[in-house]
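The structure appears right after this line, and notes come after that.
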Amino acid sequence: MEIQQLDLLFRLILAHLLADFVFQTNAMVKGKKEGGPVSAQFLLHLIIVAVLTYLFLADWSNWWVPITIGLVHGLIDWLKIRLNKDTLGVYVADQIAHLASLIFLWLLLTSQSIVDIINSGVFEWNSNFQLILIAYIIVALPSGILIGYLTKPWQEQLSKKKKDESLKDAGKWIGIIERILILTFILLNQWQPIGFLLAAKSVFRFGDLKKAKEQKKTEYILIGTLVSFTLAIFIGLLTQLIMR
């Protein structure tokens, strides 16, 4: 089947994001690292990748596409495991490699150049809906992992001190919710609530820390907040730019 819409690329990316960040549990990540490509967790992850790709592709005769993506995805994950480095550079390179493989396969399935496809005005409602869904998944999950890598040096400094009691994963969910809200405000062209959101978080998160004179923790939370806001705003503006 000849596909001439960016709609296909969005669906392939969406399937990847769901497989890598939504349906891949921490147990699966740990099992992949410990058992390698022959482990049940590794194989289960590749099956999820292939199945989601097949469903989102919605071209039941092109069975070779999900199989190819699953194999390439497995190769990239295996190389990441072989490197055995949990760093920001490896994380970014891993996701770039996955995205590049999807774009390459998408170009094989299309008969036009990227310029021709963009100029043909293919950004219909369906494509925009998928683009917005991709943006929400990126700000909710991959962005949180990226922030974790960026703030890792300061996390290690704080871990040397006695940790305060706090709700489990509270910071993670606060970040996810705030980035989702920021993206929503940007897509609605409502910038004022973003300022109120930043001010409200400053009051709740920094007030008690300042009183306790915990300068390092205060600076760490401030850095994480600013990075979180910056990523959400950037993704929101980029989404608007592509849609226009």
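In the structure tokens, the first chain shown is A, the next is B, and so on; residue numbers restart at 1 for each chain, and ligands run from 1 in the order shown.
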Write down as number ranges by chain the residues of chain A whose backbone DSSP state falls under helix (DSSP H, G or I).
A: 7-22, 26-38, 40-57, 64-83, 88-109, 114-119, 125-140, 142-150, 152-159, 170-187, 192-211, 215-243
Could you pull the residues within 10 Å of region 101-103 of chain A, counting only C-alpha atoms, minus those fewer than 2 positions along the same chain, as a ChimeraX atom specification?
/A:9-10,12-13,16,68-69,72-73,76,95-99,105-109
Close residues, Tyr91 (chain A) itself excluded, 9 Å, only C-alpha atoms, min 5 positions apart in chain, as a ChimeraX atom specification
/A:80,86,96,145-146,149
Using the selection just defined, write its residues with N, CA and C atoms as a PDB file, in the first residue's frame.
```pdb
ATOM      1  N   LYS A  80      22.515  -0.844  23.751  1.00  0.00           N
ATOM      2  CA  LYS A  80      22.471  -0.018  24.960  1.00  0.00           C
ATOM      3  C   LYS A  80      22.853  -0.840  26.192  1.00  0.00           C
ATOM      4  N   ASP A  86      24.538   4.049  32.372  1.00  0.00           N
ATOM      5  CA  ASP A  86      23.266   4.721  32.640  1.00  0.00           C
ATOM      6  C   ASP A  86      23.506   6.223  32.698  1.00  0.00           C
ATOM      7  N   ILE A  96      17.259   8.678  19.962  1.00  0.00           N
ATOM      8  CA  ILE A  96      17.526   9.187  18.612  1.00  0.00           C
ATOM      9  C   ILE A  96      17.642   8.032  17.626  1.00  0.00           C
ATOM     10  N   ILE A 145      12.305  11.364  32.602  1.00  0.00           N
ATOM     11  CA  ILE A 145      13.562  10.608  32.619  1.00  0.00           C
ATOM     12  C   ILE A 145      14.726  11.509  32.261  1.00  0.00           C
ATOM     13  N   LEU A 146      14.526  12.372  31.265  1.00  0.00           N
ATOM     14  CA  LEU A 146      15.577  13.311  30.849  1.00  0.00           C
ATOM     15  C   LEU A 146      15.943  14.253  31.996  1.00  0.00           C
ATOM     16  N   TYR A 149      18.183  12.527  34.492  1.00  0.00           N
ATOM     17  CA  TYR A 149      19.591  12.469  34.085  1.00  0.00           C
ATOM     18  C   TYR A 149      20.272  13.830  34.247  1.00  0.00           C
TER      19      TYR A 149
END
```
May I ask which of the residues A:Gln192, A:Ile176, A:Leu150, A:Asn128 is the closest one to Thr239 (chain A), counting only C-alpha atoms?
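Closest residue, counting only C-alpha atoms: A:Asn128.
Minimum atom-to-atom distances from A:Lys217, A:Arg11, A:Lys168, A:Arg82 to Tyr54 (chain A) were compared using only C-alpha atoms, and the lowest value belongs to A:Arg11.
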Identify which of the residues A:Thr151, A:Leu181, A:Lys172, A:Leu187 lies closest to Leu222 (chain A), counting only C-alpha atoms when measuring atom-to-atom distances.
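Counting only C-alpha atoms, the residue closest to Leu222 (chain A) is A:Thr151.
Atom pair CA of Gly74 (chain A) / CA of Gly148 (chain A) has a distance of 24.1 Å (rounded to one decimal).
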What separation in Å, quoted to one decimal, exists between CA of Phe42 (chain A) and CA of Met28 (chain A)?
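Computed distance, CA of Phe42 (chain A) to CA of Met28 (chain A), equals 7.1 Å.
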Quick one: residues within 12 Å of Ala58 (chain A), only C-alpha atoms, excluding same-chain residues fewer than 5 positions away - as an mmCIF file with N, CA and C atoms, in the first residue's frame?
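Once written, out.cif looks like this:
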```
data_model
loop_
_atom_site.group_PDB
_atom_site.id
_atom_site.type_symbol
_atom_site.label_atom_id
_atom_site.label_comp_id
_atom_site.auth_asym_id
_atom_site.auth_seq_id
_atom_site.Cartn_x
_atom_site.Cartn_y
_atom_site.Cartn_z
ATOM 1 N N MET A 1 0.845 -1.188 0.000
ATOM 2 C CA MET A 1 0.000 0.000 0.000
ATOM 3 C C MET A 1 0.880 1.237 0.000
ATOM 4 N N ILE A 3 1.663 4.884 0.966
ATOM 5 C CA ILE A 3 1.253 5.814 2.007
ATOM 6 C C ILE A 3 1.918 7.151 1.770
ATOM 7 N N ASP A 7 0.723 11.094 8.636
ATOM 8 C CA ASP A 7 -0.087 10.364 9.592
ATOM 9 C C ASP A 7 0.576 9.031 9.960
ATOM 10 N N LEU A 8 1.204 8.373 9.001
ATOM 11 C CA LEU A 8 1.862 7.089 9.253
ATOM 12 C C LEU A 8 3.030 7.256 10.213
ATOM 13 N N ARG A 11 1.873 7.675 13.731
ATOM 14 C CA ARG A 11 1.401 6.426 14.318
ATOM 15 C C ARG A 11 2.562 5.528 14.742
ATOM 16 N N LEU A 12 3.620 5.499 13.934
ATOM 17 C CA LEU A 12 4.802 4.704 14.282
ATOM 18 C C LEU A 12 5.477 5.251 15.539
ATOM 19 N N ALA A 15 3.304 4.463 18.629
ATOM 20 C CA ALA A 15 3.456 3.067 19.042
ATOM 21 C C ALA A 15 4.760 2.870 19.813
ATOM 22 N N VAL A 51 3.551 -5.701 18.344
ATOM 23 C CA VAL A 51 2.083 -5.732 18.365
ATOM 24 C C VAL A 51 1.508 -4.320 18.267
ATOM 25 N N LEU A 52 2.048 -3.390 19.058
ATOM 26 C CA LEU A 52 1.560 -2.010 19.012
ATOM 27 C C LEU A 52 1.808 -1.382 17.641
ATOM 28 N N THR A 53 2.968 -1.665 17.066
ATOM 29 C CA THR A 53 3.264 -1.152 15.725
ATOM 30 C C THR A 53 2.271 -1.695 14.709
ATOM 31 N N TRP A 63 2.763 -7.216 7.340
ATOM 32 C CA TRP A 63 3.214 -7.835 8.581
ATOM 33 C C TRP A 63 4.719 -7.688 8.787
ATOM 34 N N VAL A 65 6.477 -5.044 8.481
ATOM 35 C CA VAL A 65 6.838 -3.770 9.106
ATOM 36 C C VAL A 65 6.998 -3.912 10.618
ATOM 37 N N PRO A 66 5.992 -4.432 11.351
ATOM 38 C CA PRO A 66 6.175 -4.583 12.803
ATOM 39 C C PRO A 66 7.303 -5.534 13.171
#
```
